[in-house]
Structures are given as structure tokens and as C-alpha cells.
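A.B. asks: So here's query.cif, just mmCIF, C-alpha atoms:
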data_protein
#
loop_
_atom_site.group_PDB
_atom_site.id
_atom_site.type_symbol
_atom_site.label_atom_id
_atom_site.label_comp_id
_atom_site.auth_asym_id
_atom_site.auth_seq_id
_atom_site.Cartn_x
_atom_site.Cartn_y
_atom_site.Cartn_z
ATOM 1 C CA MET A 44 -24.382 -10.475 20.836
ATOM 2 C CA ALA A 45 -25.159 -11.328 24.462
ATOM 3 C CA GLU A 46 -22.580 -10.945 27.216
ATOM 4 C CA GLY A 47 -20.237 -13.918 27.578
ATOM 5 C CA SER A 48 -21.257 -15.461 24.234
ATOM 6 C CA VAL A 49 -18.053 -14.627 22.381
ATOM 7 C CA SER A 50 -16.243 -17.825 21.452
ATOM 8 C CA VAL A 51 -12.473 -18.140 21.347
ATOM 9 C CA ALA A 52 -12.737 -19.521 17.788
ATOM 10 C CA GLU A 53 -14.285 -16.227 16.591
ATOM 11 C CA VAL A 54 -11.441 -14.281 18.208
ATOM 12 C CA GLU A 55 -8.928 -16.646 16.590
ATOM 13 C CA THR A 56 -10.449 -15.925 13.146
ATOM 14 C CA SER A 57 -9.827 -12.192 13.628
ATOM 15 C CA PHE A 58 -6.338 -12.983 14.961
ATOM 16 C CA GLN A 59 -5.541 -14.897 11.737
ATOM 17 C CA LYS A 60 -6.862 -12.080 9.503
ATOM 18 C CA PHE A 61 -4.596 -9.556 11.200
ATOM 19 C CA ALA A 62 -1.665 -12.000 11.387
ATOM 20 C CA VAL A 63 -1.462 -12.370 7.588
ATOM 21 C CA HIS A 64 -2.068 -8.664 6.877
ATOM 22 C CA GLY A 65 0.776 -7.103 4.891
ATOM 23 C CA ASP A 66 2.915 -10.260 4.841
ATOM 24 C CA SER A 67 2.594 -12.637 1.889
ATOM 25 C CA LYS A 68 4.618 -15.341 3.665
ATOM 26 C CA ALA A 69 2.566 -15.319 6.891
ATOM 27 C CA THR A 70 0.657 -18.471 7.838
ATOM 28 C CA GLY A 71 -1.784 -16.889 10.299
ATOM 29 C CA LYS A 72 -0.407 -18.856 13.255
ATOM 30 C CA GLU A 73 1.850 -16.058 14.562
ATOM 31 C CA MET A 74 1.470 -12.272 14.687
ATOM 32 C CA ASN A 75 4.199 -9.631 14.675
ATOM 33 C CA GLY A 76 4.187 -6.488 16.814
ATOM 34 C CA LYS A 77 3.136 -4.169 13.990
ATOM 35 C CA ASN A 78 0.046 -6.263 13.214
ATOM 36 C CA PHE A 79 -0.782 -6.587 16.935
ATOM 37 C CA ALA A 80 -0.714 -2.793 17.230
ATOM 38 C CA LYS A 81 -2.876 -2.531 14.090
ATOM 39 C CA LEU A 82 -5.405 -4.978 15.545
ATOM 40 C CA CYS A 83 -5.559 -2.959 18.762
ATOM 41 C CA LYS A 84 -6.004 0.289 16.822
ATOM 42 C CA ASP A 85 -8.561 -0.989 14.272
ATOM 43 C CA CYS A 86 -10.657 -2.797 16.905
ATOM 44 C CA HIS A 87 -10.604 0.236 19.263
ATOM 45 C CA VAL A 88 -8.717 -1.551 22.028
ATOM 46 C CA ILE A 89 -6.524 1.555 22.061
ATOM 47 C CA ASP A 90 -8.736 4.373 23.309
ATOM 48 C CA GLY A 91 -6.022 7.000 23.873
ATOM 49 C CA LYS A 92 -6.784 7.435 27.584
ATOM 50 C CA ASN A 93 -6.686 4.106 29.393
ATOM 51 C CA VAL A 94 -4.832 2.094 26.723
ATOM 52 C CA THR A 95 -2.249 3.762 24.477
ATOM 53 C CA THR A 96 0.056 2.463 21.739
ATOM 54 C CA THR A 97 2.873 2.415 24.285
ATOM 55 C CA ASP A 98 0.835 0.127 26.566
ATOM 56 C CA VAL A 99 0.188 -2.204 23.635
ATOM 57 C CA ASP A 100 3.890 -2.350 22.741
ATOM 58 C CA ILE A 101 4.886 -3.047 26.367
ATOM 59 C CA VAL A 102 2.341 -5.860 26.719
ATOM 60 C CA PHE A 103 3.476 -7.365 23.403
ATOM 61 C CA SER A 104 7.107 -7.366 24.570
ATOM 62 C CA LYS A 105 6.093 -8.882 27.901
ATOM 63 C CA VAL A 106 4.187 -11.884 26.456
ATOM 64 C CA LYS A 107 6.505 -12.788 23.557
ATOM 65 C CA ALA A 108 9.488 -15.098 23.952
ATOM 66 C CA LYS A 109 12.853 -13.371 24.424
ATOM 67 C CA SER A 110 14.504 -14.226 21.096
ATOM 68 C CA VAL A 111 11.367 -14.166 18.904
ATOM 69 C CA ARG A 112 9.581 -11.284 17.173
ATOM 70 C CA VAL A 113 6.129 -12.878 16.959
ATOM 71 C CA ILE A 114 3.430 -14.155 19.329
ATOM 72 C CA THR A 115 1.192 -17.211 19.056
ATOM 73 C CA PHE A 116 -2.564 -17.211 19.668
ATOM 74 C CA GLU A 117 -2.027 -18.363 23.280
ATOM 75 C CA GLN A 118 0.352 -15.441 23.901
ATOM 76 C CA PHE A 119 -2.168 -13.163 22.151
ATOM 77 C CA ASN A 120 -4.842 -14.260 24.659
ATOM 78 C CA GLN A 121 -2.392 -13.601 27.491
ATOM 79 C CA ALA A 122 -1.779 -10.082 26.120
ATOM 80 C CA LEU A 123 -5.534 -9.415 25.910
ATOM 81 C CA THR A 124 -5.935 -10.633 29.501
ATOM 82 C CA GLU A 125 -3.407 -7.971 30.568
ATOM 83 C CA LEU A 126 -4.990 -5.216 28.445
ATOM 84 C CA ALA A 127 -8.640 -5.910 29.386
ATOM 85 C CA PRO A 128 -8.600 -4.491 32.971
ATOM 86 C CA LYS A 129 -6.827 -1.349 31.708
ATOM 87 C CA ARG A 130 -9.369 -0.804 28.908
ATOM 88 C CA PHE A 131 -12.496 -1.516 30.990
ATOM 89 C CA LYS A 132 -11.792 -0.173 34.478
ATOM 90 C CA GLY A 133 -14.178 -1.173 37.268
ATOM 91 C CA LYS A 134 -15.148 -4.516 35.730
ATOM 92 C CA SER A 135 -14.078 -7.986 36.764
ATOM 93 C CA LYS A 136 -11.183 -9.493 34.811
ATOM 94 C CA GLU A 137 -13.421 -12.033 33.069
ATOM 95 C CA GLU A 138 -16.097 -9.470 32.206
ATOM 96 C CA ALA A 139 -13.502 -7.040 30.850
ATOM 97 C CA LEU A 140 -11.908 -9.806 28.761
ATOM 98 C CA GLN A 141 -15.310 -10.730 27.272
ATOM 99 C CA GLN A 142 -15.938 -7.083 26.336
ATOM 100 C CA LEU A 143 -12.491 -6.902 24.744
ATOM 101 C CA TYR A 144 -13.271 -10.071 22.777
ATOM 102 C CA GLY A 145 -16.509 -8.395 21.683
ATOM 103 C CA LEU A 146 -14.506 -5.516 20.175
ATOM 104 C CA ILE A 147 -12.239 -7.884 18.228
ATOM 105 C CA VAL A 148 -14.711 -10.491 16.910
ATOM 106 C CA GLY A 149 -15.697 -10.148 13.264
ATOM 107 C CA LYS A 150 -13.120 -7.481 12.473
ATOM 108 C CA GLY A 151 -10.424 -7.522 9.824
ATOM 109 C CA PRO A 152 -7.629 -5.113 8.927
ATOM 110 C CA ALA A 153 -8.977 -1.797 7.636
ATOM 111 C CA ASN A 154 -7.313 -0.298 4.602
ATOM 112 C CA VAL A 155 -7.625 3.372 5.434
ATOM 113 C CA GLY A 156 -5.635 5.991 3.564
ATOM 114 C CA ILE A 157 -4.580 3.835 0.648
ATOM 115 C CA THR A 158 -3.392 6.024 -2.205
ATOM 116 C CA LYS A 159 -5.864 6.346 -5.058
ATOM 117 C CA VAL A 160 -5.302 7.622 -8.589
ATOM 118 C CA ALA A 161 -5.674 11.386 -8.698
ATOM 119 C CA LYS A 162 -8.401 12.499 -11.082
ATOM 120 C CA ALA A 163 -8.055 16.259 -11.315
ATOM 121 C CA ALA A 164 -9.013 18.669 -14.050
ATOM 122 C CA ALA A 165 -5.508 20.191 -13.972
ATOM 123 C CA VAL A 166 -3.914 16.844 -14.844
ATOM 124 C CA ASP A 167 -6.402 16.316 -17.675
ATOM 125 C CA ARG A 168 -5.594 19.734 -19.159
ATOM 126 C CA LEU A 169 -1.849 19.168 -18.938
ATOM 127 C CA THR A 170 -2.018 15.815 -20.714
ATOM 128 C CA ASP A 171 -4.453 16.871 -23.472
ATOM 129 C CA ALA A 172 -2.288 16.759 -26.632
ATOM 130 C CA THR A 173 -4.880 18.670 -28.713
ATOM 131 C CA LYS A 174 -4.052 21.860 -26.812
ATOM 132 C CA TYR A 175 -0.293 21.675 -27.456
ATOM 133 C CA THR A 176 1.271 24.363 -29.664
ATOM 134 C CA GLY A 177 4.540 24.930 -31.498
ATOM 135 C CA SER A 178 7.075 22.143 -31.788
ATOM 136 C CA HIS A 179 5.280 20.076 -29.124
ATOM 137 C CA LYS A 180 2.276 19.737 -31.421
ATOM 138 C CA GLU A 181 4.453 17.801 -33.890
ATOM 139 C CA ARG A 182 5.047 15.041 -31.346
ATOM 140 C CA PHE A 183 1.475 13.698 -31.639
ATOM 141 C CA ASP A 184 -0.607 12.425 -34.544
ATOM 142 C CA ASP A 185 -4.209 13.517 -35.258
ATOM 143 C CA SER A 186 -5.714 11.051 -32.777
ATOM 144 C CA GLY A 187 -3.555 12.384 -29.905
ATOM 145 C CA LYS A 188 -1.325 9.324 -29.775
ATOM 146 C CA GLY A 189 2.389 10.043 -29.396
ATOM 147 C CA LYS A 190 4.711 9.438 -32.345
ATOM 148 C CA GLY A 191 7.507 8.198 -30.115
ATOM 149 C CA LYS A 192 11.099 8.849 -31.181
ATOM 150 C CA ALA A 193 10.005 10.287 -34.537
ATOM 151 C CA GLY A 194 8.119 13.038 -32.704
ATOM 152 C CA ARG A 195 11.083 13.964 -30.498
ATOM 153 C CA GLU A 196 14.054 14.087 -32.880
ATOM 154 C CA ASP A 197 14.939 15.364 -36.331
ATOM 155 C CA LEU A 198 15.686 12.092 -38.038
ATOM 156 C CA PRO A 199 18.073 12.287 -41.037
ATOM 157 C CA ASP A 200 16.709 11.694 -44.521
ATOM 158 C CA THR A 201 18.546 8.638 -45.831
ATOM 159 C CA SER A 202 16.791 8.480 -49.224
ATOM 160 C CA GLY A 203 19.975 9.502 -51.084
ATOM 161 C CA TYR A 204 18.532 12.701 -52.517
ATOM 162 C CA VAL A 205 20.828 15.709 -52.150
ATOM 163 C CA GLY A 206 18.721 18.848 -52.186
ATOM 164 C CA ALA A 207 21.323 21.592 -52.443
ATOM 165 C CA TYR A 208 23.789 19.912 -54.835
ATOM 166 C CA LYS A 209 25.390 22.477 -57.140
ATOM 167 C CA GLY A 210 27.141 21.555 -60.299
ATOM 168 C CA SER A 211 26.566 20.961 -63.955
ATOM 169 C CA GLY A 212 24.829 17.753 -64.743
ATOM 170 C CA THR A 213 24.091 14.914 -62.407
ATOM 171 C CA TYR A 214 26.147 13.142 -59.835
ATOM 172 C CA GLU A 215 26.698 10.241 -62.216
ATOM 173 C CA ASP A 216 28.291 12.637 -64.764
ATOM 174 C CA LYS A 217 30.743 13.890 -62.111
ATOM 175 C CA VAL A 218 31.697 10.332 -61.149
ATOM 176 C CA LYS A 219 32.407 9.377 -64.800
ATOM 177 C CA GLU A 220 34.746 12.370 -65.254
ATOM 178 C CA ALA A 221 36.855 11.467 -62.276
#
In C-alpha cells, how does this file's structure come out?
C.D. replies:
Amino acid sequence: MAEGSVSVAEVETSFQKFAVHGDSKATGKEMNGKNFAKLCKDCHVIDGKNVTTTDVDIVFSKVKAKSVRVITFEQFNQALTELAPKRFKGKSKEEALQQLYGLIVGKGPANVGITKVAKAAAVDRLTDATKYTGSHKERFDDSGKGKGKAGREDLPDTSGYVGAYKGSGTYEDKVKEA
């Protein structure tokens, strides 16, 4: 990309991508402070020496309206105009702004550090029902699928059979005598 060839429309596309990041209700017309800081971090506007996160927060507060928590694209451009000379020292304001636009164009929010499912051998060993012993073994059928409540509790036998009944004759005989 040649110097000075960055269009405002390309910058606005990146602005909209960051504006809707993390907010399902966002329209892309306004950006909050968190997403502005994320844009500055992901697009390397923040370099840690000349421009820090504190600088970004101060500029955001300066360009936004007093009672509002978001900035429009025009206010976003105003914020970049303030950040550009700090980021690119020794350049003219316009040249610095074009270089800053060059950093932002074509970028979207990066999803770094998103939690992934842990796939460890230790977890596999702990959840392998074939290696269970003792009473825990009874909780699973032959295929390794859990039996549910039947595997966890001693359920009463409600068949009506009384195993340890002592007496002469059957239960019916006892009932007839009484």
C-alpha cells in the first residue's frame, strides 16, 4: 500500500468490526472505550513507549461527549488525529495520521487467549470407566455408559418376595388363621 492511499472508508470498516466486538446489540456506528482500547492494542497503535493504554484512555475521554460512554466515527478520527503525532514522532501531522490509518486498515478484533477444551491424558485416565474398581465399577454397564440412579443407590426390591420369612407354611396360610 503506497503512502497516502489509505481511504477513510477502509478505516471505517475496521472501526465497525471493532465497534460490534463483544456486544450483540451494537450497530457498528458507535464504539465504547473498551473496544477503542482493544483496537489500539490489536492494531499496534499502543507501542508501550510513545503511546500507552493510559494515553488511549485519556484521548477517548477527551473526544467523547460529556454524558455519553461511546464515540462516533467522527470522534474516532479526532482521537486518531491526537494519537498520531505521539505514535510517529518527527513526522508531519498528516503523514503520521496516514501511517496510523495504515496500521488500522484491514484489521479486525483478534481472539487471543480464548479458552479451549483441555485434552490431557490425565483427564482421559480419570474418566475411563473400564479402570474403575470396587463399588464404583457397578455404576457403569459393559459399554462404559453410566447406569444413572440405579448405579448410585441400593434400590429396594418391590417384587413382594420376602426372602427371610420364617414360619410354617406360606403367608396365605397365616392370613387365613388370623
A.B. asks: Counting only C-alpha atoms, find residues at most 12 Å from (2.5, -2.0, 17.6) (file frame) and give them as a list in words.
C.D. replies: Met74, Asn75, Gly76, Lys77, Asn78, Phe79, Ala80, Lys81, Leu82, Cys83, Lys84, Asp85, Ile89, Thr95, Thr96, Thr97, Asp98, Val99, Asp100, Ile101, Val102, Phe103, Ser104, Arg112 and Val113 of chain A
A.B. asks: Kindly export the residues of the current selection with C-alpha atoms, as a short mmCIF file (atom, residue, chain, number, x, y, z; two decimals), in the coordinates of the input.
C.D. replies:
data_model
loop_
_atom_site.label_atom_id
_atom_site.label_comp_id
_atom_site.auth_asym_id
_atom_site.auth_seq_id
_atom_site.Cartn_x
_atom_site.Cartn_y
_atom_site.Cartn_z
CA MET A 74 1.47 -12.27 14.69
CA ASN A 75 4.20 -9.63 14.68
CA GLY A 76 4.19 -6.49 16.81
CA LYS A 77 3.14 -4.17 13.99
CA ASN A 78 0.05 -6.26 13.21
CA PHE A 79 -0.78 -6.59 16.93
CA ALA A 80 -0.71 -2.79 17.23
CA LYS A 81 -2.88 -2.53 14.09
CA LEU A 82 -5.40 -4.98 15.54
CA CYS A 83 -5.56 -2.96 18.76
CA LYS A 84 -6.00 0.29 16.82
CA ASP A 85 -8.56 -0.99 14.27
CA ILE A 89 -6.52 1.56 22.06
CA THR A 95 -2.25 3.76 24.48
CA THR A 96 0.06 2.46 21.74
CA THR A 97 2.87 2.42 24.28
CA ASP A 98 0.84 0.13 26.57
CA VAL A 99 0.19 -2.20 23.64
CA ASP A 100 3.89 -2.35 22.74
CA ILE A 101 4.89 -3.05 26.37
CA VAL A 102 2.34 -5.86 26.72
CA PHE A 103 3.48 -7.36 23.40
CA SER A 104 7.11 -7.37 24.57
CA ARG A 112 9.58 -11.28 17.17
CA VAL A 113 6.13 -12.88 16.96
#
A.B. asks: Do you know which residues the PyMOL selection byres ((chain A and resi 187) around 12) returns on this file, as an NGL selection string?
C.D. replies: :A and (170-175 or 179-186 or 188-191)
A.B. asks: Tell me which protein, DNA and RNA residues are within 12 Å of Gln142 in chain A, counting only C-alpha atoms, leaving out same-chain ones fewer than 5 positions away, and put them as a list in words.
C.D. replies: Met44, Ala45, Glu46, Gly47, Ser48, Val49, Ser50, Val54, Cys86, His87, Val88, Leu123, Thr124, Leu126, Ala127, Pro128, Arg130, Phe131, Lys132, Lys134, Ser135, Lys136, Glu137, Ile147 and Val148 of chain A
A.B. asks: If I wrap all listed atoms of range 183-189 of chain A in a box with edges along x, y and z and add 8 Å on each side, what are its centre and edge lengths in Å to one decimal, as AutoDock Vina command-line options?
C.D. replies:
--center_x -1.7 --center_y 11.5 --center_z -32.3 --size_x 24.1 --size_y 20.4 --size_z 21.9
A.B. asks: By how many Å are CA of Thr115 in chain A and CA of Glu55 in chain A apart?
C.D. replies: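 Answer for the CA of Thr115 in chain A to CA of Glu55 in chain A separation: 10.4 Å.
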A.B. asks: Measure the distance from CA of Thr70 in chain A to CA of Thr56 in chain A in Å and round it to one decimal.
C.D. replies: 12.6 Å
